[in-house]
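Q: Dropping in coords_32.cif, which is mmCIF, C-alpha atoms and all ligand atoms:
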data_structure
loop_
_atom_site.label_atom_id
_atom_site.label_comp_id
_atom_site.auth_asym_id
_atom_site.auth_seq_id
_atom_site.Cartn_x
_atom_site.Cartn_y
_atom_site.Cartn_z
CA MET R 1 17.40 169.31 99.13
CA THR R 2 13.79 168.25 99.43
CA ILE R 3 13.06 165.21 101.49
CA THR R 4 9.97 163.42 100.34
CA ARG R 5 8.23 161.46 103.09
CA HIS R 6 6.06 158.63 101.88
CA GLU R 7 3.18 158.35 104.32
CA PRO R 8 1.90 154.78 104.51
CA ALA R 9 -1.69 154.55 103.36
CA ARG R 10 -4.32 154.38 106.10
CA LEU R 11 -6.02 151.01 106.18
CA GLU R 12 -9.74 151.26 105.62
CA LEU R 13 -12.23 149.74 108.04
CA ALA R 14 -14.50 148.46 105.25
CA LEU R 15 -11.82 145.93 104.24
CA TYR R 16 -11.95 144.37 107.70
CA LYS R 17 -15.72 144.05 107.90
CA SER R 18 -15.76 141.25 105.35
CA LEU R 19 -13.09 139.13 107.07
CA GLU R 20 -13.90 136.00 109.08
CA ASN R 21 -13.38 136.11 112.84
CA GLU R 22 -10.70 133.43 112.62
CA GLU R 23 -8.55 135.52 110.29
CA LEU R 24 -9.14 138.70 112.32
CA SER R 25 -8.13 136.86 115.50
CA SER R 26 -4.86 135.57 114.10
CA ARG R 27 -3.99 139.01 112.71
CA ILE R 28 -4.73 140.62 116.10
CA GLU R 29 -2.46 138.09 117.77
CA ALA R 30 0.28 138.84 115.23
CA VAL R 31 0.17 142.54 116.18
CA ARG R 32 0.20 141.69 119.88
CA ALA R 33 3.29 139.52 119.36
CA GLN R 34 4.99 142.27 117.37
CA LEU R 35 4.30 145.07 119.88
CA GLY R 36 4.86 142.99 123.02
CA SER R 37 4.64 144.84 126.33
CA GLY R 38 4.43 148.19 124.51
CA LEU R 39 0.78 147.40 123.82
CA LEU R 40 -1.86 146.88 126.50
CA ILE R 41 -5.33 145.75 125.49
CA LEU R 42 -7.86 146.38 128.26
CA GLY R 43 -11.31 144.77 128.19
CA HIS R 44 -14.36 145.56 130.31
CA HIS R 45 -16.27 142.54 131.64
CA TYR R 46 -19.29 143.46 129.47
CA GLN R 47 -17.33 143.05 126.26
CA GLN R 48 -18.23 140.19 123.90
CA ASP R 49 -16.21 136.95 124.24
CA GLU R 50 -14.40 137.18 120.89
CA VAL R 51 -12.94 140.54 121.89
CA ILE R 52 -12.25 139.81 125.56
CA ALA R 53 -10.19 136.80 124.42
CA HIS R 54 -7.58 139.24 123.10
CA SER R 55 -7.38 141.46 126.18
CA ASP R 56 -4.25 141.42 128.31
CA LEU R 57 -6.27 142.46 131.31
CA ARG R 58 -9.97 142.53 132.00
CA GLY R 59 -11.93 144.09 134.80
CA ASP R 60 -14.69 146.43 135.88
CA SER R 61 -14.44 150.22 135.65
CA TYR R 62 -12.53 150.53 138.92
CA GLN R 63 -10.03 147.77 138.13
CA LEU R 64 -9.44 149.10 134.63
CA SER R 65 -8.82 152.64 135.85
CA ARG R 66 -6.30 151.29 138.37
CA LEU R 67 -4.61 149.23 135.65
CA ALA R 68 -4.34 152.31 133.43
CA ALA R 69 -3.00 154.30 136.38
CA ASP R 70 -0.35 151.65 137.14
CA SER R 71 0.72 150.79 133.58
CA GLN R 72 4.52 150.73 133.32
CA ASP R 73 5.99 149.60 129.99
CA CYS R 74 3.10 150.16 127.67
CA ARG R 75 3.05 153.02 125.18
CA THR R 76 -0.35 152.25 123.68
CA ILE R 77 -3.54 151.26 125.46
CA VAL R 78 -6.29 149.88 123.25
CA PHE R 79 -9.44 150.15 125.30
CA CYS R 80 -12.15 147.62 124.57
CA GLY R 81 -14.78 149.42 126.58
CA VAL R 82 -16.59 152.71 126.10
CA HIS R 83 -15.57 156.32 125.59
CA PHE R 84 -15.48 157.50 129.23
CA MET R 85 -13.21 154.56 130.12
CA ALA R 86 -10.73 155.48 127.38
CA GLU R 87 -10.77 159.12 128.55
CA THR R 88 -10.05 158.00 132.12
CA ALA R 89 -7.20 155.80 130.91
CA ASP R 90 -5.71 158.74 128.99
CA ILE R 91 -5.90 161.01 132.05
CA LEU R 92 -4.40 158.46 134.44
CA ALA R 93 -1.74 157.01 132.16
CA ASN R 94 -0.53 160.49 131.19
CA ARG R 95 -0.61 162.23 134.55
CA PRO R 96 2.38 164.51 135.22
CA GLU R 97 4.55 162.12 137.26
CA LYS R 98 4.04 159.33 134.71
CA LEU R 99 4.91 161.67 131.83
CA ALA R 100 8.02 162.87 133.66
CA ALA R 101 9.15 159.26 134.26
CA ARG R 102 8.82 158.64 130.49
CA SER R 103 10.65 161.87 129.60
CA GLY R 104 7.45 163.38 128.31
CA GLU R 105 6.45 160.47 126.10
CA ARG R 106 2.67 160.04 126.09
CA VAL R 107 0.77 156.78 126.25
CA THR R 108 -1.60 156.70 123.29
CA VAL R 109 -5.11 155.55 124.14
CA ILE R 110 -7.21 154.10 121.33
CA LEU R 111 -10.92 153.32 121.36
CA PRO R 112 -11.44 150.90 118.44
CA ASP R 113 -14.89 152.34 117.61
CA LEU R 114 -15.56 155.98 118.49
CA ALA R 115 -19.29 155.26 118.52
CA ALA R 116 -18.82 153.13 121.65
CA GLY R 117 -20.29 155.67 124.05
CA CYS R 118 -22.45 155.30 127.14
CA SER R 119 -26.08 156.40 127.14
CA MET R 120 -25.93 157.05 130.88
CA ALA R 121 -22.88 159.30 130.55
CA ASP R 122 -24.75 161.24 127.86
CA MET R 123 -27.57 161.97 130.34
CA ALA R 124 -25.50 164.62 132.11
CA ALA R 125 -23.84 167.30 129.99
CA VAL R 126 -21.39 169.61 131.72
CA GLU R 127 -23.50 172.65 130.76
CA GLN R 128 -26.53 171.07 132.45
CA VAL R 129 -24.59 170.35 135.64
CA GLU R 130 -23.17 173.88 135.67
CA ALA R 131 -26.68 175.28 135.24
CA ALA R 132 -27.96 173.07 138.08
CA TRP R 133 -25.09 174.24 140.29
CA GLU R 134 -26.03 177.85 139.62
CA ASP R 135 -29.73 177.20 140.29
CA LEU R 136 -28.88 175.40 143.54
CA GLY R 137 -26.79 178.41 144.53
CA GLN R 138 -29.99 180.51 144.50
CA VAL R 139 -31.38 178.37 147.32
CA ILE R 140 -28.43 176.92 149.26
CA ASP R 141 -24.74 177.64 149.65
CA THR R 142 -22.99 175.51 147.03
CA SER R 143 -19.84 175.39 149.14
CA GLU R 144 -21.92 173.04 151.31
CA ILE R 145 -22.36 170.56 148.45
CA THR R 146 -19.81 167.98 147.33
CA PRO R 147 -20.30 167.01 143.69
CA VAL R 148 -19.77 163.30 143.11
CA THR R 149 -19.66 161.94 139.59
CA TYR R 150 -19.90 158.29 138.72
CA ILE R 151 -16.90 157.37 136.56
CA ASN R 152 -19.48 156.75 133.79
CA SER R 153 -19.37 160.40 132.76
CA ALA R 154 -17.52 162.67 130.35
CA ALA R 155 -14.13 164.05 131.44
CA GLY R 156 -15.70 167.53 131.62
CA LEU R 157 -17.85 166.39 134.54
CA LYS R 158 -14.89 164.88 136.35
CA ALA R 159 -13.14 168.23 135.88
CA PHE R 160 -16.21 170.00 137.30
CA CYS R 161 -15.89 167.81 140.41
CA GLY R 162 -12.15 168.47 140.60
CA ARG R 163 -12.74 172.23 140.55
CA HIS R 164 -15.52 172.16 143.15
CA GLY R 165 -13.92 169.96 145.82
CA GLY R 166 -15.66 166.88 144.45
CA ILE R 167 -14.71 163.36 143.59
CA VAL R 168 -15.27 160.46 141.18
CA CYS R 169 -16.69 157.08 142.22
CA THR R 170 -17.20 153.71 140.57
CA SER R 171 -19.78 151.11 141.50
CA SER R 172 -17.01 149.40 143.52
CA ASN R 173 -16.31 152.31 145.82
CA ALA R 174 -19.48 154.45 145.88
CA GLY R 175 -19.92 153.74 149.63
CA PRO R 176 -16.47 154.90 150.80
CA VAL R 177 -16.60 157.83 148.36
CA LEU R 178 -19.96 159.04 149.71
CA LYS R 179 -18.60 158.65 153.23
CA TRP R 180 -15.64 160.84 152.24
CA ALA R 181 -18.02 163.41 150.75
CA PHE R 182 -20.18 163.51 153.89
CA GLN R 183 -17.10 164.13 156.01
CA ARG R 184 -16.57 167.22 153.90
CA THR R 185 -20.09 168.59 153.53
CA ARG R 186 -23.56 167.55 154.68
CA ARG R 187 -24.88 167.50 151.10
CA VAL R 188 -23.94 165.71 147.89
CA LEU R 189 -24.90 166.24 144.25
CA PHE R 190 -24.61 162.78 142.65
CA PHE R 191 -24.59 162.31 138.87
CA PRO R 192 -25.35 160.86 136.37
CA ASP R 193 -26.79 157.58 137.82
CA GLN R 194 -29.66 158.12 140.23
CA HIS R 195 -29.84 154.39 141.06
CA LEU R 196 -26.24 153.97 142.19
CA GLY R 197 -26.56 157.15 144.25
CA ARG R 198 -29.87 156.12 145.83
CA ASN R 199 -28.96 152.49 146.49
CA THR R 200 -25.68 153.50 148.10
CA ALA R 201 -27.00 156.40 150.20
CA LEU R 202 -29.99 154.38 151.46
CA ARG R 203 -27.59 151.82 152.92
CA MET R 204 -25.71 154.60 154.64
CA GLY R 205 -28.90 155.59 156.42
CA VAL R 206 -29.90 158.61 154.32
CA PRO R 207 -33.72 158.72 154.28
CA ILE R 208 -35.36 158.61 150.86
CA GLU R 209 -37.19 161.90 151.60
CA GLN R 210 -33.81 163.61 151.70
CA MET R 211 -32.90 162.44 148.19
CA PRO R 212 -34.79 164.55 145.67
CA VAL R 213 -34.27 163.78 142.00
CA TRP R 214 -32.93 166.59 139.81
CA ASN R 215 -34.50 166.61 136.35
CA PRO R 216 -32.22 168.71 134.12
CA TYR R 217 -35.13 169.38 131.74
CA ALA R 218 -37.55 170.71 134.38
CA PRO R 219 -38.21 174.44 134.09
CA GLU R 220 -37.20 175.24 137.68
CA LEU R 221 -34.95 173.75 140.36
CA GLY R 222 -34.82 170.39 138.61
CA GLY R 223 -38.54 169.97 139.33
CA ASN R 224 -38.12 170.45 143.10
CA THR R 225 -39.36 172.92 145.67
CA GLU R 226 -36.97 175.15 147.60
CA GLU R 227 -37.93 173.26 150.79
CA ALA R 228 -36.98 169.92 149.22
CA ILE R 229 -33.60 171.32 148.16
CA ARG R 230 -32.96 172.76 151.64
CA ALA R 231 -33.89 169.44 153.26
CA SER R 232 -31.78 167.37 150.87
CA ARG R 233 -28.72 165.31 151.77
CA VAL R 234 -28.23 163.69 148.34
CA LEU R 235 -29.43 165.39 145.17
CA LEU R 236 -29.79 162.62 142.60
CA TRP R 237 -29.36 163.42 138.93
CA GLN R 238 -32.13 161.92 136.80
CA GLY R 239 -29.94 159.55 134.80
CA HIS R 240 -29.86 155.77 134.47
CA CYS R 241 -28.23 152.87 132.66
CA SER R 242 -30.50 151.58 129.91
CA VAL R 243 -29.18 148.05 130.49
CA HIS R 244 -29.66 147.79 134.26
CA GLN R 245 -32.91 149.78 134.25
CA VAL R 246 -34.55 146.82 132.46
CA PHE R 247 -34.52 144.56 135.55
CA ARG R 248 -37.85 144.62 137.41
CA PRO R 249 -39.15 143.26 140.75
CA GLU R 250 -41.42 140.84 138.86
CA HIS R 251 -38.31 139.19 137.33
CA VAL R 252 -37.06 138.49 140.85
CA GLN R 253 -40.46 137.08 141.89
CA GLN R 254 -40.74 134.90 138.76
CA LEU R 255 -37.30 133.33 139.19
CA ARG R 256 -37.89 132.66 142.87
CA LEU R 257 -41.07 130.80 141.90
CA GLN R 258 -39.45 128.89 139.05
CA VAL R 259 -36.19 127.89 140.78
CA PRO R 260 -36.52 127.06 144.48
CA GLY R 261 -33.44 128.08 146.47
CA ILE R 262 -32.23 130.57 143.87
CA LYS R 263 -30.37 133.67 145.07
CA ILE R 264 -30.64 137.02 143.36
CA LEU R 265 -27.44 138.98 142.72
CA VAL R 266 -27.67 142.41 141.08
CA HIS R 267 -25.64 145.47 140.12
CA PRO R 268 -26.32 148.74 142.01
CA GLU R 269 -27.25 150.47 138.72
CA CYS R 270 -30.52 148.48 138.97
CA PRO R 271 -33.57 150.32 140.31
CA ARG R 272 -34.05 150.42 144.07
CA GLU R 273 -37.08 148.06 144.02
CA VAL R 274 -34.90 145.35 142.48
CA VAL R 275 -31.90 145.90 144.74
CA ASP R 276 -34.20 145.85 147.80
CA LEU R 277 -35.53 142.42 146.80
CA ALA R 278 -32.14 140.93 145.93
CA ASP R 279 -30.12 138.65 148.21
CA ALA R 280 -26.97 140.58 147.41
CA PHE R 281 -25.77 143.39 145.21
CA GLY R 282 -22.42 144.71 144.16
CA SER R 283 -20.27 146.06 141.37
CA THR R 284 -19.30 143.92 138.41
CA TYR R 285 -16.11 142.97 140.25
CA LYS R 286 -18.09 141.80 143.25
CA ILE R 287 -20.57 139.86 141.14
CA VAL R 288 -17.69 137.96 139.53
CA GLN R 289 -16.06 137.42 142.92
CA VAL R 290 -19.25 136.10 144.56
CA VAL R 291 -19.84 133.55 141.80
CA GLU R 292 -16.18 132.48 141.79
CA GLN R 293 -16.31 131.91 145.54
CA SER R 294 -19.64 130.06 145.59
CA PRO R 295 -19.76 126.30 146.10
CA SER R 296 -20.85 123.86 143.41
CA GLY R 297 -24.60 123.59 143.14
CA SER R 298 -25.22 127.28 143.95
CA LYS R 299 -28.14 128.83 142.11
CA TRP R 300 -27.95 132.45 140.98
CA ALA R 301 -30.09 134.82 139.00
CA ILE R 302 -27.87 137.71 138.01
CA GLY R 303 -29.03 141.19 137.08
CA THR R 304 -26.26 142.74 135.05
CA GLU R 305 -25.03 142.88 131.44
CA LEU R 306 -25.76 139.75 129.41
CA HIS R 307 -22.26 139.01 128.08
CA LEU R 308 -20.84 138.85 131.58
CA VAL R 309 -23.66 136.62 132.84
CA ASN R 310 -23.21 134.24 129.90
CA ARG R 311 -19.45 134.13 130.51
CA LEU R 312 -20.01 133.32 134.19
CA LYS R 313 -22.42 130.59 133.16
CA LYS R 314 -19.81 129.02 130.88
CA ALA R 315 -17.02 129.33 133.42
CA HIS R 316 -19.07 127.74 136.24
CA PRO R 317 -21.02 124.83 134.77
CA ASP R 318 -21.23 123.32 138.27
CA GLN R 319 -23.51 126.21 139.32
CA GLU R 320 -26.97 127.05 138.01
CA ILE R 321 -26.75 130.58 136.66
CA HIS R 322 -29.72 132.44 135.18
CA PHE R 323 -30.02 135.83 133.58
CA LEU R 324 -32.47 137.81 135.72
CA ALA R 325 -34.60 139.23 132.88
CA PRO R 326 -36.51 137.16 130.33
CA MET R 327 -35.44 139.51 127.52
CA VAL R 328 -32.00 140.21 126.03
CA CYS R 329 -30.35 143.24 127.59
CA MET R 330 -26.82 143.98 126.70
CA CYS R 331 -24.71 147.08 126.45
CA ALA R 332 -25.25 147.90 122.79
CA THR R 333 -22.56 150.57 122.68
CA MET R 334 -19.88 148.35 124.19
CA TYR R 335 -20.92 145.70 121.66
CA ARG R 336 -19.81 148.03 118.87
CA ILE R 337 -16.21 147.05 119.61
CA ASP R 338 -15.84 143.95 117.49
CA LEU R 339 -12.89 142.04 116.04
CA ALA R 340 -13.01 144.05 112.81
CA HIS R 341 -12.58 147.37 114.70
CA LEU R 342 -9.93 145.90 116.98
CA CYS R 343 -7.89 144.46 114.10
CA TRP R 344 -8.30 147.63 112.04
CA SER R 345 -7.07 149.90 114.83
CA LEU R 346 -4.12 147.60 115.65
CA GLU R 347 -2.94 147.14 112.07
CA ASN R 348 -3.18 150.88 111.49
CA LEU R 349 -1.02 151.40 114.56
CA VAL R 350 1.64 149.07 113.18
CA ALA R 351 1.40 150.80 109.79
CA GLY R 352 2.11 154.15 111.47
CA HIS R 353 -1.46 155.48 111.67
CA ARG R 354 -2.95 156.01 115.08
CA VAL R 355 -6.69 155.91 114.53
CA ASN R 356 -9.42 156.76 117.07
CA VAL R 357 -7.04 158.29 119.58
CA ILE R 358 -8.71 159.58 122.75
CA GLN R 359 -6.82 162.52 124.19
CA VAL R 360 -8.46 164.71 126.79
CA GLU R 361 -7.79 168.42 126.48
CA PRO R 362 -5.06 169.45 129.04
CA GLU R 363 -7.10 171.73 131.34
CA THR R 364 -9.96 169.22 131.54
CA SER R 365 -7.45 166.45 132.13
CA ARG R 366 -5.75 168.38 134.93
CA TRP R 367 -8.97 168.97 136.89
CA SER R 368 -10.36 165.50 136.17
CA LEU R 369 -7.20 164.07 137.62
CA VAL R 370 -7.78 165.97 140.86
CA ALA R 371 -11.17 164.24 141.26
CA LEU R 372 -9.85 160.86 140.12
CA GLU R 373 -6.89 160.95 142.49
CA ARG R 374 -9.22 161.72 145.39
CA MET R 375 -11.12 158.57 144.46
CA LEU R 376 -8.00 156.44 144.14
CA GLN R 377 -6.88 157.60 147.56
CA VAL R 378 -10.23 156.95 149.21
CA SER R 379 -10.52 153.47 147.78
CA SER R 380 -6.91 152.36 147.89
CA VAL R 381 -8.12 150.03 150.59
CA ARG R 382 -10.86 148.26 148.66
CA GLU R 383 -14.05 147.12 150.25
CA THR R 384 -13.82 143.39 150.34
CA THR R 385 -17.23 142.54 151.65
CA LEU R 386 -20.35 142.22 149.57
CA ALA R 387 -23.02 144.72 150.47
CA SER R 388 -26.36 143.23 151.46
CA PRO R 389 -29.65 144.97 150.92
CA THR R 390 -31.15 146.23 154.15
P1 LIG W 401 -18.72 148.70 136.85
O1 LIG W 401 -17.74 148.34 135.82
O2 LIG W 401 -18.17 149.72 137.81
O3 LIG W 401 -19.33 147.55 137.56
O4 LIG W 401 -19.91 149.48 136.14
C1 LIG W 401 -20.74 148.82 135.27
C2 LIG W 401 -20.98 149.57 134.07
O5 LIG W 401 -22.07 149.88 133.72
C3 LIG W 401 -19.84 149.93 133.27
O6 LIG W 401 -20.23 150.83 132.34
FE1 LIG W 402 -23.18 152.83 130.02
FE2 LIG W 402 -24.89 151.03 131.02
FE3 LIG W 402 -23.35 150.38 128.94
FE4 LIG W 402 -22.28 150.72 131.37
S1 LIG W 402 -23.73 149.15 130.75
S2 LIG W 402 -21.47 151.51 129.44
S3 LIG W 402 -23.58 152.39 132.17
S4 LIG W 402 -24.96 151.96 128.97
#
Mind turning this structure into structure tokens?

A:
Amino acid sequence: MTITRHEPARLELALYKSLENEELSSRIEAVRAQLGSGLLILGHHYQQDEVIAHSDLRGDSYQLSRLAADSQDCRTIVFCGVHFMAETADILANRPEKLAARSGERVTVILPDLAAGCSMADMAAVEQVEAAWEDLGQVIDTSEITPVTYINSAAGLKAFCGRHGGIVCTSSNAGPVLKWAFQRTRRVLFFPDQHLGRNTALRMGVPIEQMPVWNPYAPELGGNTEEAIRASRVLLWQGHCSVHQVFRPEHVQQLRLQVPGIKILVHPECPREVVDLADAFGSTYKIVQVVEQSPSGSKWAIGTELHLVNRLKKAHPDQEIHFLAPMVCMCATMYRIDLAHLCWSLENLVAGHRVNVIQVEPETSRWSLVALERMLQVSSVRETTLASPT
């Protein structure tokens, strides 16, 4: 006897693009009600308001990776963030002990728009880092280097760190992670964000002369001399965030002139010159925390992604909150996740089609997990104080 299975038709994205936000929102809520605790929608703080309104949990990269690691009942995570975040969620939610507790059942991780990448993560390809590692090995003993990757990187780079005794960090725990690395070796290769690496290491007392920048496109030794490599403590990968790179020292000076008493609060992905001038700096989590804990009448100019700053402004009308730059700078890739993509991916899920599933290949996942678990252990006791520029 032949059994004919009638596959439900996949719902096409184009149909959703023409719908009004109001309709999309009520359809998203209908799916959430139907799937209950089996569905977890995670939203990064930089996500647009319309989308973040539908998230069960929101946070910065560190909080979201913890939430994915701790998820209990959910069987599907829809990640309203960018690609590396969805990969991390897949690795953590499907690690061996979690899989065993669910009798092998995987958590499906969905990224509503696959084009939501991260330009910084794209600045370090695993082949480039492997080539750099080999080149470094011509000059120094690579067993004396701890590779540290910012979580804003492809899973392949996290796996590289796992294999080579290295670790992952987020902007929330870069300090404790670097401290861990320096207990292991006297040298660190930090990628892909030079600014986070530099800003963090400077505050740990590493002199700037011992932080050469590695340009992966330079013909030799990342554009450095052998002496510079031998003298290095932190080798900084030449990568940056296109959003945070926009903030300049003159923006700080202008706002201080325009608004007497204003305090400058910036993310450590900003260039050193900006962080040095700021009154305080910290991860997205810390920025939110500082504003939430500030008294009425506080005046802030904030140097981080625009959607978050605008949301803080709305949530704290009793404070005077300015965006640090005079121009618009938002995370254009994160912005790709809109209500149409969210509704489309959710309704496909209900119709039996899992679209845009992010599943990291097993070997990469295994080694990435090694580096991620080192990070989760190091920062299980979270820093609670806000770092101040020296
Ligand atoms: P955090 O979420 O760690 O603050 O990092 C900011 C960022 O750029 C996310 O991509
Ligand atoms: Fe990447 Fe910067 Fe966007 Fe974060 S804000 S996802 S680092 S481009």

Q: Draw an axis-aligned box over all listed atoms of ligand LIG 402 (chain W), pad each side with 8 Å, and write its centre and edge lengths in Å, one decimal, as JSON.

A:
{"center_x": -23.2, "center_y": 151.0, "center_z": 130.6, "size_x": 19.5, "size_y": 19.7, "size_z": 19.2}

Q: With distances taken over all atoms listed in the file, which of R:His195, R:His83, R:His353, R:Lys98 is nearest to Ala155 in chain R?

A: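 The answer is R:His83, which sits nearest to Ala155 in chain R.
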
Q: Which residue out of R:Gln210, R:Thr225, R:Asn152, R:Asn21 has the minimum interatomic distance to Cys241 in chain R when all atoms listed in the file are used?

A: R:Asn152

Q: Quick one: distance from CA of Leu57 in chain R to atom FE4 of ligand LIG 402 (chain W) in Å, one decimal?

A: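 It comes out at 18.0 Å.
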
Q: So which residues are near ligand LIG 402 (chain W), meaning at most 8 Å away with all atoms listed in the file counted, given back as a PyMOL selection string?

A: chain R and resi 46+81-82+117-121+152+240-244+269+305+330-334

Q: Taking 3 positions as the minimum chain separation for residues in the same chain, which residues sit within 12 Å of Arg374 in chain R when counting only C-alpha atoms? Answer as a PDB file with C-alpha atoms, in the coordinates of the input.

A:
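Contents of selection_8.pdb, as written:
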ATOM      1  CA  VAL R 148     -19.770 163.300 143.110  1.00  0.00           C
ATOM      2  CA  THR R 149     -19.660 161.940 139.590  1.00  0.00           C
ATOM      3  CA  LYS R 158     -14.890 164.880 136.350  1.00  0.00           C
ATOM      4  CA  CYS R 161     -15.890 167.810 140.410  1.00  0.00           C
ATOM      5  CA  GLY R 162     -12.150 168.470 140.600  1.00  0.00           C
ATOM      6  CA  GLY R 165     -13.920 169.960 145.820  1.00  0.00           C
ATOM      7  CA  GLY R 166     -15.660 166.880 144.450  1.00  0.00           C
ATOM      8  CA  ILE R 167     -14.710 163.360 143.590  1.00  0.00           C
ATOM      9  CA  VAL R 168     -15.270 160.460 141.180  1.00  0.00           C
ATOM     10  CA  CYS R 169     -16.690 157.080 142.220  1.00  0.00           C
ATOM     11  CA  ASN R 173     -16.310 152.310 145.820  1.00  0.00           C
ATOM     12  CA  PRO R 176     -16.470 154.900 150.800  1.00  0.00           C
ATOM     13  CA  VAL R 177     -16.600 157.830 148.360  1.00  0.00           C
ATOM     14  CA  LEU R 178     -19.960 159.040 149.710  1.00  0.00           C
ATOM     15  CA  TRP R 180     -15.640 160.840 152.240  1.00  0.00           C
ATOM     16  CA  ALA R 181     -18.020 163.410 150.750  1.00  0.00           C
ATOM     17  CA  TRP R 367      -8.970 168.970 136.890  1.00  0.00           C
ATOM     18  CA  SER R 368     -10.360 165.500 136.170  1.00  0.00           C
ATOM     19  CA  LEU R 369      -7.200 164.070 137.620  1.00  0.00           C
ATOM     20  CA  VAL R 370      -7.780 165.970 140.860  1.00  0.00           C
ATOM     21  CA  ALA R 371     -11.170 164.240 141.260  1.00  0.00           C
ATOM     22  CA  GLN R 377      -6.880 157.600 147.560  1.00  0.00           C
ATOM     23  CA  VAL R 378     -10.230 156.950 149.210  1.00  0.00           C
ATOM     24  CA  SER R 379     -10.520 153.470 147.780  1.00  0.00           C
ATOM     25  CA  SER R 380      -6.910 152.360 147.890  1.00  0.00           C
TER      26      SER R 380
END

Q: Using only C-alpha atoms, which protein or nucleic acid residues come within 12 Å of His267 in chain R? Drop anything in the same chain fewer than 4 positions from it, and give the result as a ChimeraX atom specification.

A: /R:60,170-172,195-196,199-200,241,243-247,271-272,274-276,278-288,301-305,308-309,324,386-389

Q: To one decimal place, how far is CA of Met85 in chain R from CA of Ala30 in chain R in Å?

A: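 Separation between CA of Met85 in chain R and CA of Ala30 in chain R: 25.5 Å.
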
Q: Would you mind listing what lies within 10 Å of His54 in chain R as a ChimeraX atom specification, with all atoms listed in the file counted and same-chain residues fewer than 3 positions away left out?

A: /R:25,28-29,32,41-43,49-51,57-58,80,339,342

Q: Using all atoms listed in the file, determine which residues lie at most 9 Å from Gly197 in chain R, disregarding the query and same-chain residues fewer than 6 positions distant; provide the list as a list in words.

A: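 Counting only the stated atoms, we get Tyr150, Ala174, Leu178, Phe190, Phe191, Val234, Leu235, Leu236, Trp237, Pro268 and Glu269 of chain R.
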
Q: Quick one, how far is CA of Lys17 in chain R from CA of Asn348 in chain R?

A: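 Between these atoms lies a distance of 14.7 Å.
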
Q: May I ask which of the residues R:Asn310, R:Gln47, R:Gln34, R:Gln254 is the closest one to ligand LIG 401 (chain W), counting all atoms listed in the file?

A: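 Of R:Asn310, R:Gln47, R:Gln34, R:Gln254, the one nearest ligand LIG 401 (chain W), counting all atoms listed in the file, is R:Gln47.
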
Q: Which is closer to ligand LIG 401 (chain W) than all the others in R:Met327, R:Ile151, R:Leu92, R:Val126, using only C-alpha atoms and all ligand atoms?

A: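 Ranked by minimum distance to ligand LIG 401 (chain W), first place goes to R:Ile151.
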